[in-house]
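Structure file structure-v9.txt (compact mmCIF, C-alpha atoms) follows.
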```
# COMPACT_ATOMS: atom_id res chain seq x y z
CA MET A 1 -64.73 48.68 -13.57
CA ASN A 2 -67.68 50.57 -12.08
CA ARG A 3 -68.18 48.90 -8.71
CA ASP A 4 -69.40 50.03 -5.36
CA ILE A 5 -66.73 50.31 -2.71
CA PRO A 6 -66.31 46.76 -1.38
CA SER A 7 -67.86 46.22 2.02
CA SER A 8 -64.65 44.58 3.18
CA GLU A 9 -62.65 47.82 2.81
CA THR A 10 -62.86 48.64 6.51
CA ALA A 11 -61.67 45.23 7.62
CA GLU A 12 -58.94 45.31 4.98
CA ALA A 13 -57.78 48.73 6.14
CA GLY A 14 -57.54 47.43 9.71
CA ALA A 15 -55.47 44.50 8.58
CA ALA A 16 -53.18 46.76 6.60
CA GLY A 17 -52.75 49.01 9.61
CA ALA A 18 -51.78 46.06 11.77
CA ALA A 19 -49.24 45.02 9.16
CA GLY A 20 -47.70 48.48 9.30
CA ALA A 21 -47.10 51.35 6.88
CA ALA A 22 -44.47 49.36 5.02
CA GLY A 23 -47.06 46.86 3.88
CA ALA A 24 -49.35 49.62 2.66
CA ALA A 25 -46.51 51.37 0.86
CA GLY A 26 -45.49 48.08 -0.74
CA ALA A 27 -48.99 47.58 -2.06
CA ALA A 28 -48.97 51.09 -3.47
CA GLY A 29 -45.61 50.47 -5.14
CA THR A 30 -46.91 47.33 -6.79
CA GLU A 31 -49.91 49.15 -8.21
CA ALA A 32 -47.81 52.11 -9.32
CA ALA A 33 -45.58 49.70 -11.23
CA GLY A 34 -48.58 48.50 -13.20
CA GLY A 35 -49.61 45.45 -11.22
CA GLY A 36 -48.51 43.12 -14.08
CA GLY A 37 -49.90 39.71 -13.19
CA GLN A 38 -51.42 40.76 -9.90
CA ARG A 39 -54.80 39.18 -9.32
CA GLY A 40 -56.94 41.42 -7.18
CA ARG A 41 -60.20 43.24 -7.19
CA PRO A 42 -60.46 45.88 -9.91
CA ARG A 43 -60.13 49.49 -8.86
CA SER A 44 -63.40 51.08 -7.88
CA GLN A 45 -63.99 54.28 -9.86
CA GLU A 46 -66.48 55.31 -7.20
CA ALA A 47 -63.74 55.07 -4.56
CA ASP A 48 -61.34 57.04 -6.78
CA ARG A 49 -63.86 59.84 -7.20
CA ALA A 50 -64.64 59.95 -3.48
CA ILE A 51 -60.95 60.08 -2.56
CA LEU A 52 -60.10 62.81 -5.08
CA THR A 53 -63.12 64.88 -4.10
CA ALA A 54 -62.24 64.61 -0.41
CA THR A 55 -58.64 65.56 -1.17
CA VAL A 56 -59.65 68.66 -3.13
CA ASP A 57 -61.95 69.74 -0.29
CA LEU A 58 -59.24 69.30 2.34
CA LEU A 59 -56.55 70.94 0.22
CA GLY A 60 -58.78 73.94 -0.26
CA SER A 61 -59.62 74.29 3.44
CA ARG A 62 -56.47 73.01 5.16
CA GLY A 63 -53.63 73.07 2.68
CA LEU A 64 -51.24 70.26 1.79
CA ALA A 65 -49.06 70.50 4.89
CA ALA A 66 -52.01 70.18 7.29
CA MET A 67 -53.88 67.53 5.32
CA SER A 68 -53.51 63.89 6.34
CA ILE A 69 -54.31 60.59 4.67
CA GLU A 70 -56.42 59.70 7.71
CA GLU A 71 -58.63 62.75 7.13
CA VAL A 72 -58.98 61.98 3.43
CA ALA A 73 -59.95 58.39 4.17
CA ALA A 74 -62.53 59.41 6.76
CA ARG A 75 -64.12 62.01 4.50
CA ALA A 76 -64.14 59.66 1.49
CA GLY A 77 -65.56 56.78 3.50
CA VAL A 78 -62.74 54.37 2.68
CA GLY A 79 -59.88 52.76 4.56
CA LYS A 80 -56.32 54.11 4.46
CA ALA A 81 -55.23 50.94 2.69
CA THR A 82 -57.54 51.82 -0.19
CA ILE A 83 -55.71 55.11 -0.64
CA TYR A 84 -52.23 53.66 -0.28
CA ARG A 85 -52.97 51.03 -2.92
CA ARG A 86 -53.56 53.90 -5.34
CA TRP A 87 -51.10 56.60 -4.23
CA SER A 88 -47.76 56.04 -2.57
CA SER A 89 -47.62 59.45 -0.88
CA LYS A 90 -49.78 62.34 0.27
CA GLY A 91 -48.06 64.60 -2.24
CA LEU A 92 -48.91 62.44 -5.25
CA LEU A 93 -52.51 62.09 -4.06
CA ALA A 94 -52.75 65.88 -3.77
CA LEU A 95 -51.19 66.27 -7.21
CA ASP A 96 -53.72 63.98 -8.87
CA ALA A 97 -56.60 65.70 -7.09
CA PHE A 98 -55.31 69.07 -8.28
CA VAL A 99 -54.80 67.88 -11.86
CA THR A 100 -58.29 66.41 -12.08
CA SER A 101 -59.90 69.72 -11.12
CA PHE A 102 -57.45 72.12 -12.76
CA GLN A 103 -57.37 70.60 -16.24
CA GLU A 104 -61.14 70.84 -16.50
CA GLN A 105 -60.74 74.62 -16.24
CA GLN A 106 -58.07 74.89 -18.97
CA PRO A 107 -59.76 74.35 -22.36
CA LEU A 108 -57.77 74.83 -25.56
CA PRO A 109 -58.96 78.11 -27.14
CA ASP A 110 -59.30 78.58 -30.89
CA THR A 111 -60.12 82.23 -31.56
CA GLY A 112 -58.50 82.43 -34.99
CA THR A 113 -55.53 84.56 -33.87
CA LEU A 114 -52.56 83.85 -31.65
CA ARG A 115 -53.22 86.96 -29.59
CA GLY A 116 -56.80 85.90 -28.97
CA ASP A 117 -55.73 82.36 -28.08
CA LEU A 118 -53.03 83.50 -25.66
CA ILE A 119 -55.33 85.97 -23.91
CA ALA A 120 -58.08 83.35 -23.60
CA ALA A 121 -55.66 80.71 -22.27
CA LEU A 122 -54.03 83.02 -19.74
CA THR A 123 -57.42 84.36 -18.64
CA ALA A 124 -58.62 80.80 -17.94
CA TRP A 125 -55.44 80.11 -15.93
CA VAL A 126 -55.79 83.32 -13.92
CA ARG A 127 -59.48 82.72 -13.20
CA ALA A 128 -58.73 79.20 -11.97
CA VAL A 129 -56.05 80.34 -9.53
CA THR A 130 -57.81 83.50 -8.30
CA GLN A 131 -61.50 82.56 -8.23
CA THR A 132 -61.26 78.97 -6.96
CA SER A 133 -59.16 77.04 -4.45
CA MET A 134 -56.79 76.03 -7.26
CA GLY A 135 -54.44 78.92 -6.52
CA SER A 136 -53.66 77.89 -2.95
CA MET A 137 -53.36 74.25 -4.04
CA LEU A 138 -50.92 75.15 -6.81
CA ALA A 139 -48.80 77.25 -4.47
CA GLY A 140 -48.73 74.50 -1.85
CA LEU A 141 -47.74 71.84 -4.37
CA VAL A 142 -44.99 74.01 -5.86
CA ALA A 143 -43.60 74.65 -2.38
CA GLU A 144 -43.72 70.97 -1.43
CA ALA A 145 -42.10 69.94 -4.71
CA GLN A 146 -38.96 71.91 -3.85
CA HIS A 147 -37.92 69.23 -1.36
CA ASP A 148 -39.82 66.20 -2.72
CA GLU A 149 -38.15 64.79 -5.82
CA GLU A 150 -40.99 62.36 -6.58
CA LEU A 151 -43.56 65.14 -6.39
CA ARG A 152 -41.38 67.43 -8.51
CA ALA A 153 -41.16 64.79 -11.24
CA GLY A 154 -44.91 64.21 -11.00
CA TRP A 155 -45.55 67.94 -11.33
CA ARG A 156 -43.52 68.07 -14.55
CA ASP A 157 -45.14 64.96 -16.02
CA ARG A 158 -48.77 65.45 -14.94
CA VAL A 159 -49.22 69.21 -14.85
CA LEU A 160 -46.52 71.18 -16.62
CA GLU A 161 -45.89 69.10 -19.72
CA PRO A 162 -49.57 68.36 -20.58
CA LEU A 163 -50.39 72.07 -20.27
CA ARG A 164 -47.39 73.10 -22.36
CA THR A 165 -48.23 70.47 -24.97
CA GLN A 166 -51.72 71.91 -25.24
CA HIS A 167 -50.41 75.44 -25.65
CA ARG A 168 -47.86 74.42 -28.28
CA ILE A 169 -50.89 73.68 -30.45
CA MET A 170 -51.74 77.39 -30.38
CA LEU A 171 -48.20 78.27 -31.47
CA ASP A 172 -48.21 75.64 -34.24
CA ARG A 173 -51.48 77.04 -35.57
CA ALA A 174 -50.02 80.55 -35.53
CA ILE A 175 -47.00 79.35 -37.51
CA ALA A 176 -49.30 77.69 -40.05
CA ARG A 177 -51.22 80.97 -40.40
CA GLY A 178 -47.98 82.91 -40.91
CA GLU A 179 -48.43 84.97 -37.74
CA ILE A 180 -45.06 83.99 -36.29
CA PRO A 181 -41.96 82.41 -37.87
CA ALA A 182 -41.33 78.68 -37.58
CA THR A 183 -37.94 79.46 -35.99
CA VAL A 184 -39.56 80.79 -32.82
CA ASP A 185 -38.30 79.03 -29.69
CA GLN A 186 -41.61 77.73 -28.38
CA GLU A 187 -40.16 76.67 -25.03
CA VAL A 188 -38.99 80.20 -24.28
CA VAL A 189 -42.38 81.60 -25.31
CA LEU A 190 -44.15 79.20 -22.94
CA ASP A 191 -41.73 79.97 -20.11
CA LEU A 192 -42.48 83.68 -20.49
CA PHE A 193 -46.21 83.03 -20.85
CA PHE A 194 -46.56 80.96 -17.68
CA GLY A 195 -43.66 82.43 -15.73
CA ALA A 196 -45.01 85.94 -15.34
CA ALA A 197 -48.37 84.73 -14.05
CA GLN A 198 -46.87 82.15 -11.71
CA LEU A 199 -44.51 84.76 -10.26
CA ARG A 200 -47.42 87.03 -9.36
CA LEU A 201 -49.40 84.14 -7.93
CA LEU A 202 -46.57 82.88 -5.73
CA LEU A 203 -45.24 86.25 -4.55
CA GLY A 204 -48.51 88.19 -4.52
CA HIS A 205 -46.67 91.46 -5.11
CA LEU A 206 -48.94 92.64 -7.96
CA PRO A 207 -52.45 91.71 -9.12
CA LEU A 208 -53.31 89.15 -11.80
CA SER A 209 -55.53 91.61 -13.63
CA ASP A 210 -56.98 91.71 -17.14
CA ASP A 211 -54.55 94.52 -18.00
CA PHE A 212 -51.68 92.33 -16.85
CA ILE A 213 -52.87 89.47 -19.07
CA ARG A 214 -53.06 91.67 -22.15
CA GLU A 215 -49.69 93.28 -21.43
CA VAL A 216 -47.94 89.92 -21.03
CA VAL A 217 -49.39 88.65 -24.31
CA ASP A 218 -48.50 91.83 -26.21
CA VAL A 219 -44.93 91.86 -24.90
CA ILE A 220 -44.47 88.24 -26.02
CA LEU A 221 -45.98 88.90 -29.44
CA ASP A 222 -43.86 92.01 -29.98
CA GLY A 223 -40.80 89.83 -29.51
CA ILE A 224 -41.76 86.95 -31.83
CA ARG A 225 -43.73 88.46 -34.70
CA PRO A 226 -41.94 88.79 -38.06
CA ARG A 227 -40.22 92.15 -38.49
```
Rewritten as structure tokens:
Amino acid sequence: MNRDIPSSETAEAGAAGAAGAAGAAGAAGTEAAGGGGQRGRPRSQEADRAILTATVDLLGSRGLAAMSIEEVAARAGVGKATIYRRWSSKGLLALDAFVTSFQEQQPLPDTGTLRGDLIAALTAWVRAVTQTSMGSMLAGLVAEAQHDEELRAGWRDRVLEPLRTQHRIMLDRAIARGEIPATVDQEVVLDLFFGAAQLRLLLGHLPLSDDFIREVVDVILDGIRPR
């Protein structure tokens, strides 16, 4: 799987361009479907990394709306056809680039208490969106997803659900320790946990401060602890 980017990429990209965007999109659709019995060159992990890195850089400096596949291809040193064989749209490319960087900054905490875990998890989320380019990327993707059904589905499947699955582990551990009852609606807890922070990020009306993080966690815990 680890191969250098084939030297024929440039010529292939030119051929794909001559064939038109429909041909490129068709190739991307085939790969997205799994490529069953398709016999082609294996994906180059080096090309994947270059494309995702270029996308993150452009998202951080230009934003999703201003970014183009042409710019990504030029910065990554590949042809457009190489990108379209992997991602069927600019939005899904941006989503994968965001996920790759964002998930690395969201470790699963294990402090021994639910309060400690929730504070650590929310602190990591806030740091990622306030101290790196992840915040502007997240806001741009959320905005774009409002009128892009494919991107909205991808956001749920690739970002939201994996993160919520990880945080359910913290709640399950708290139940096992007897900190909260097993009847707690975990989905509501997670909505409150993420919702408050996302609201402040998207509207910018109040700061995402350490005091805010602690207050959110304590309000949630006051509502779900055994009485």
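With distances taken over all atoms listed in the file, A:Asp210 is the one residue among A:Asp57, A:Asp210, A:Glu187, A:Glu46 lying closest to Ala120 in chain A.
If only C-alpha atoms are the atoms counted, then among A:Val72, A:Leu203, A:Leu114, A:Ala94 the closest residue to Gly178 in chain A is A:Leu114.
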Contact residues around Thr165 in chain A with all atoms listed in the file at 12 Å, ignoring same-chain residues under 5 positions, as a PyMOL selection string: chain A and resi 108+156-160+170-172+186-187+190
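Closest approach to Arg214 in chain A from the set A:Ala97, A:Ala121, A:Ala182, A:Ala54 is made by A:Ala121, with distances taken over all atoms listed in the file.
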9 Å contact set for Gly60 in chain A, only C-alpha atoms, chain neighbours under 2 positions out, as a PyMOL selection string: chain A and resi 55-58+62-64+132-134+136-137
